[in-house]
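Below is one structure, written out as structure tokens; the observations come after it.
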Protein chains: 2
Amino acid sequence: MKRTSRDIRTANRYEVLRRIIARSPTSRPELAAATGLSLATVATLVGELLELGMLTEAGFEESAGGRPRGLVAANASGGTLIGVDIAETYVHAELFDLGLTVLARAQEPVRPGERTPKQVVAQVAAAVGSVVAQAGANGARVLGVGVSMPGQVDRENGVLVHATNWGWHDVPLLDLLAGCIAYPLHLDNPLHACTTAELWFGAARGRCDTVVVNLGTGVGAGLALGGALHRGVSNSAGEWGHTTLVLDGRPCHCGSRGCVETYVGAPGIMRDLRERDAHGPLLHPDDETATIDALARGIAEGDPVAVDVVRETARRLGIAIAALVNLLNPEVIVLSSWVARRLGEPLLAGVREAVARHALRRPASAVEIVLSTIPTDPVCLGAATFALEGALASAVAAGGRHFV
Amino acid sequence: MKRTSRDIRTANRYEVLRRIIARSPTSRPELAAATGLSLATVATLVGELLELGMLTEAGFEESAGGRPRGLVAANASGGTLIGVDIAETYVHAELFDLGLTVLARAQEPVRPGERTPKQVVAQVAAAVGSVVAQAGANGARVLGVGVSMPGQVDRENGVLVHATNWGWHDVPLLDLLAGCIAYPLHLDNPLHACTTAELWFGAARGRCDTVVVNLGTGVGAGLALGGALHRGVSNSAGEWGHTTLVLDGRPCHCGSRGCVETYVGAPGIMRDLRERDAHGPLLHPDDETATIDALARGIAEGDPVAVDVVRETARRLGIAIAALVNLLNPEVIVLSSWVARRLGEPLLAGVREAVARHALRRPASAVEIVLSTIPTDPVCLGAATFALEGALASAVAAGGRHFV
């Protein structure tokens with residue numbers, strides 16, 4: 001609840017490690033300059049991370065006139081991390097080294113009618129087994145597995161409290177997973193995973209307050225405030241898709257009406273398209289991905305229906321984002337997830353225009369709105385980062401024992 | 001931007017002082033139990049606050065079987081603080097002792113047509129002069145003056161960037177005030193003042209994440225996250241009144257449409273009343289206060305129009321608050337400012353019902369929604385607290401010199 005000196009040490013440790021992962025090899029003075037920490041603090045933290053086996057010495061660089069500076073880098077052979085993204089129709093797993101480079105990938109299908117907790121857990125175990133096998137010798141040194149599952153997650157107890165689209169309630173997912181996966185496990189939802197990925201590797205790194213707007217089938221807004229993920233009092237912060245944008249508007253599966261998600265989530269965009277041109281070539285009924293892809297191609301080709309639908313989506317999304325800008329006064333807004341990625345620049349341009357028009361001048365002029373630049377699956381990456389954070393916390397708690 | 005160990009020490013110092021102000025005299029072990037800090041940390045901080053003259057020794061209490069415990073209390077004669085609330089039609093000043101007890105009050109009118117920066121500064125100087133004179137000997141030991149002015153405030157440079165209702169742009173208010181007030185000055189807006197008052201003296205004290213919903217002529221939501229005010233990157237966080245609740249709805253003075261403020265701020269409520277019963281006894285055209293008072297009496301007497309208007313206001317407000325609950329997952333929502341105070345319990349009941357209906361279950365079940373319990377003007381109190389925080393920071397920076 002309250003922040004302690006220990007939280008600060010943890011945050012500084014993350015900050016140093018983030019910089020090293022971003023730019024390896026690097027020197028202690030460079031790290032001090034980049035993080036704003038004192039050289040003494042950096043030296044202590046680097047020493048600790050070397051001791052833990054997270055970092056490795058990486059030679060020397062000449063410094064102008066002085067003695068050569070020692071370089072450090074993420075220790076690629078210090079252990080591996082696994083991130084698991086449980087999605088509607090598949091389970092995706094990736095295995096990373098400590099520099100968060102992907103070493104192996106696996107995917108298992110989740111078929112309609114095969115969505116009981118037991119069946120999904122079996123697919124997760126299969127995907128994890130596959131990346132471990134592919135990684136060969138590296139597979140023997142897994143420090144932890146982060147698992148992302150859509151829904152409301154009680155992280156401390158590892159319970160999936162509620163997953164709307166799956167009909168799951170109070171499933172002790174972590175216990176079930178622990179029955180077939182022997183590594184330390186960390187459970188959270190995809191929004192928190194993506195936001196953590198942006199904090200470690202994306203637009204939120206080193207920035208003050210960032211909002212990560214996730215635009216997919218569902219819609220959310222992950223909050224990275226003061227350099228840390230804001231989880232809220234019961235780990236459910238970020239459920240921005242259920243913000244009322246149109247009082248008494250379209251019904252939403254959450255039971256309310258007029259939610260942002262019903263307008264700018266993929267099903268909402270499909271509804272707009274249906275209302276405008278139900279029999280046109282853009283709409284692929286029952287296929288969100290194909291429809292959004294068709295829209296993206298349509299804009300590129302100047303199709304008036306596509307241009308019009310994306311313009312209105314961007315306007316609504318921008319008006320909703322303007323409210324976030326007014327409320328939180330963030331430094332950065334990142335548009336993430338597959339709908340944002342596929343609609344890309346035209347969506348971004350429309351959002352920027354609507355924010356400029358609808359937000360107050362002072363916060364609007366302070367915010368930068370960008371597309372996510374994370375090249376791989378941000379959910380796997382973020383989930384693996386949970387495992388990294390967990391491994392670091394246990395190693396420190398165990399009093400500086402080596403990871404390996 | 002990033003939090004440092006110094007921020008933590010400052011936060012711990014505030015936390016200890018808040019507890020002592022809340023419950024004086026108190027012992028170090030009680031403080032450790034109440035704050036969750038170690039006894040050693042509490043002893044260090046109490047020693048420092050005694051040294052600074054903020055606290056005073058207050059005798060001993062017997063402890064069961066052990067030696068008597070030393071008691072400490074806020075040092076009522078350690079200096080005074082002034083809070084100034086610049087409002088639409090008046091300037092209100094209060095002078096407090098270090099236990100934040102009011103010692104003197106003064107009010108000066110701000111008349112229509114007398115709202116230039118120079119005229120308003122003169123009224124502030126008059127109000128401050130008045131409370132200093134009333135306080136007699138106490139008036140000689142003013143540690144600082146906090147000034148709250150509605151609008152967008154550049155706090156670091158003391159500039160009023162924009163005040164919609166006053167037509168002010170980029171007014172160097174702190175410099176103008178410093179021309180006629182000799183004490184250290186601290187400038188911010190009423191929303192941040194009220195939220196700070198709730199953190200020090202109200203429902204947010206000792207709680208994790210609190211949202212202070214200010215319901216007056218304007219509407220805002222102050223964010224107390226992790227025990228500290230969230231200011232955002234340019235100190236404008238909290239402008240929640242300009243969240244779109246009705247896409248393309250009522251025009252707002254901010255230039256957008258359908259803003260929360262146009263429905264649940266006092267002028268929005270008056271508009272509802274006008275649309276329902278333009279010639280009834282409840283509506284006092286051009287008098288917000290009289291109208292809201294009439295509504296409050298109307299509900300008490302079962303007037304169907306009053307009941308209906310307040311019910312719809314509570315429903316809309318609750319739907320907008322549900323979005324805050326979903327996004328931030330706070331522990332507490334406080335309804336504050338004059339419209340909330342006057343409409344009271346019936347408004348609160350309607351808001352709770354709408355939040356229960358429209359927010360997601362997990363965050364809804366984690367939040368408590370309450371009316372503010374701060375008995376005096378929260379803006380003056382919060383503004384005085386800015387002066388307290390500022391005095392504490394300067395004293396610590398000066399290396400522990402006594403205040404007096």
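In the structure tokens, chains take the letters A, B, ... in the order shown, each chain's residues start at 1, and ligands count up from 1 in the order shown.
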Hey, which bits of chain B sit within 6 Å of chain A, and for each residue what's the closest pair of atoms and how far apart in Å (one decimal), counting only C-alpha atoms, rows by chain and increasing number, as a tab-separated table?
```
residue	atom	partner	partner_atom	distance
B:Met1	CA	A:Cys208	CA	5.4
B:Lys2	CA	A:Gly226	CA	5.9
B:Cys208	CA	A:Met1	CA	5.3
B:Gly226	CA	A:Lys2	CA	5.9
B:Gly232	CA	A:Asn329	CA	4.6
B:Val233	CA	A:Pro330	CA	5.8
B:Ser236	CA	A:Asn329	CA	6.0
B:Ala237	CA	A:Leu328	CA	4.7
B:Gly238	CA	A:Leu327	CA	4.5
B:Glu239	CA	A:Leu327	CA	4.9
B:Trp240	CA	A:Leu327	CA	5.1
B:Thr243	CA	A:Ala323	CA	4.5
B:Leu245	CA	A:Leu245	CA	5.2
B:Val246	CA	A:Val246	CA	4.6
B:Leu247	CA	A:Val246	CA	5.1
B:Ser256	CA	A:His358	CA	5.2
B:Ala323	CA	A:Thr243	CA	4.5
B:Asn326	CA	A:Glu239	CA	5.0
B:Leu327	CA	A:Gly238	CA	4.5
B:Leu328	CA	A:Ala237	CA	4.7
B:Asn329	CA	A:Gly232	CA	4.6
B:Pro330	CA	A:Gly232	CA	5.8
B:Glu331	CA	A:Val233	CA	5.9
B:His358	CA	A:Ser256	CA	5.2
```
Give me the residues near range 281-286 of chain A as a PyMOL selection string, where near means some atom within 8 Å (using only C-alpha atoms) and where sequence neighbours in that chain fewer than 6 positions away do not count.
chain A and resi 270+273-274+294-295+298+306
Residues within 6 Å of Asp97 in chain A, please, as JSON, numbers by chain. Count only C-alpha atoms; anything in the same chain fewer than 3 positions from it doesn't count.
{"A": [76, 80, 100, 101]}
For the atom pair CA of Val72 in chain A and CA of Leu55 in chain A, what is the interatomic distance in Å to one decimal place?
6.5 Å
DSSP-assigned alpha helix (DSSP H) among range 14-245 of chain A, expressed as a ChimeraX atom specification:
/A:14-22,28-35,39-52,117-134,173-178,190-201
Can you spit out the residues from that selection as a tab-separated table (two decimals), in the first residue's frame, using C-alpha atoms?
```tsv
chain	number	residue	atom	x	y	z
A	14	TYR	CA	14.53	-2.36	-12.54
A	15	GLU	CA	15.55	0.99	-13.98
A	16	VAL	CA	19.23	0.01	-14.21
A	17	LEU	CA	18.38	-3.39	-15.66
A	18	ARG	CA	15.99	-1.82	-18.22
A	19	ARG	CA	18.74	0.49	-19.44
A	20	ILE	CA	21.25	-2.34	-19.71
A	21	ILE	CA	18.76	-4.51	-21.61
A	22	ALA	CA	18.02	-1.58	-23.93
A	28	ARG	CA	28.40	2.59	-15.06
A	29	PRO	CA	28.81	6.33	-15.83
A	30	GLU	CA	26.54	5.96	-18.88
A	31	LEU	CA	23.94	4.23	-16.69
A	32	ALA	CA	24.15	6.98	-14.08
A	33	ALA	CA	23.64	9.62	-16.77
A	34	ALA	CA	20.71	7.71	-18.33
A	35	THR	CA	18.86	6.91	-15.10
A	39	LEU	CA	27.26	6.79	-9.74
A	40	ALA	CA	27.57	5.23	-6.27
A	41	THR	CA	24.01	3.88	-6.39
A	42	VAL	CA	24.54	2.55	-9.92
A	43	ALA	CA	27.81	0.88	-8.87
A	44	THR	CA	26.07	-0.82	-5.93
A	45	LEU	CA	23.13	-2.04	-8.04
A	46	VAL	CA	25.36	-3.23	-10.88
A	47	GLY	CA	27.52	-5.10	-8.34
A	48	GLU	CA	24.42	-6.77	-6.95
A	49	LEU	CA	23.11	-7.72	-10.41
A	50	LEU	CA	26.56	-9.11	-11.36
A	51	GLU	CA	26.55	-11.11	-8.11
A	52	LEU	CA	23.08	-12.48	-8.95
A	117	PRO	CA	-9.65	-24.86	-17.18
A	118	LYS	CA	-8.22	-28.38	-17.38
A	119	GLN	CA	-8.06	-28.33	-21.19
A	120	VAL	CA	-6.48	-24.87	-21.32
A	121	VAL	CA	-3.94	-25.79	-18.64
A	122	ALA	CA	-2.95	-28.84	-20.73
A	123	GLN	CA	-2.34	-26.60	-23.76
A	124	VAL	CA	-0.23	-24.20	-21.67
A	125	ALA	CA	1.82	-27.14	-20.38
A	126	ALA	CA	2.29	-28.38	-23.96
A	127	ALA	CA	3.44	-24.95	-25.20
A	128	VAL	CA	5.84	-24.52	-22.28
A	129	GLY	CA	7.18	-28.06	-22.80
A	130	SER	CA	7.72	-27.27	-26.47
A	131	VAL	CA	9.78	-24.08	-25.93
A	132	VAL	CA	11.85	-25.78	-23.20
A	133	ALA	CA	12.61	-28.70	-25.55
A	134	GLN	CA	13.49	-26.34	-28.43
A	173	LEU	CA	-5.43	-21.25	-12.27
A	174	LEU	CA	-1.99	-20.99	-10.66
A	175	ASP	CA	-2.56	-24.17	-8.61
A	176	LEU	CA	-3.77	-26.02	-11.70
A	177	LEU	CA	-0.72	-24.86	-13.68
A	178	ALA	CA	1.62	-25.76	-10.81
A	190	PRO	CA	-2.80	-9.16	-20.91
A	191	LEU	CA	-3.39	-5.46	-20.23
A	192	HIS	CA	-0.96	-5.48	-17.31
A	193	ALA	CA	1.46	-7.59	-19.38
A	194	CYS	CA	1.42	-5.14	-22.33
A	195	THR	CA	1.83	-2.17	-20.03
A	196	THR	CA	4.80	-3.80	-18.31
A	197	ALA	CA	6.31	-4.56	-21.73
A	198	GLU	CA	5.99	-0.84	-22.62
A	199	LEU	CA	7.62	0.08	-19.28
A	200	TRP	CA	10.59	-2.22	-19.85
A	201	PHE	CA	10.99	-2.10	-23.63
```
Among range 268-361 of chain A, which residues does DSSP mark as strand (DSSP E or B) when it is run on the backbone? Keep the chain and numbering as in the structure and answer as a list in words.
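In range 268-361 of chain A, DSSP puts these residues in strand (DSSP E or B): Val332, Ile333, Val334, Leu335 and Ser336 of chain A.
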Which value, in Å to one decimal, gives the distance between CA of Glu94 in chain A and CA of Gly382 in chain A?
10.8 Å
Which is closer to Gly144 in chain B than all the others in B:Phe60, B:Tyr90, B:Phe386, B:Trp338, using only C-alpha atoms?
B:Phe386
Go ahead and compute the interatomic distance for CA of Ile333 in chain B and CA of Val212 in chain B, in Å to one decimal.
5.9 Å
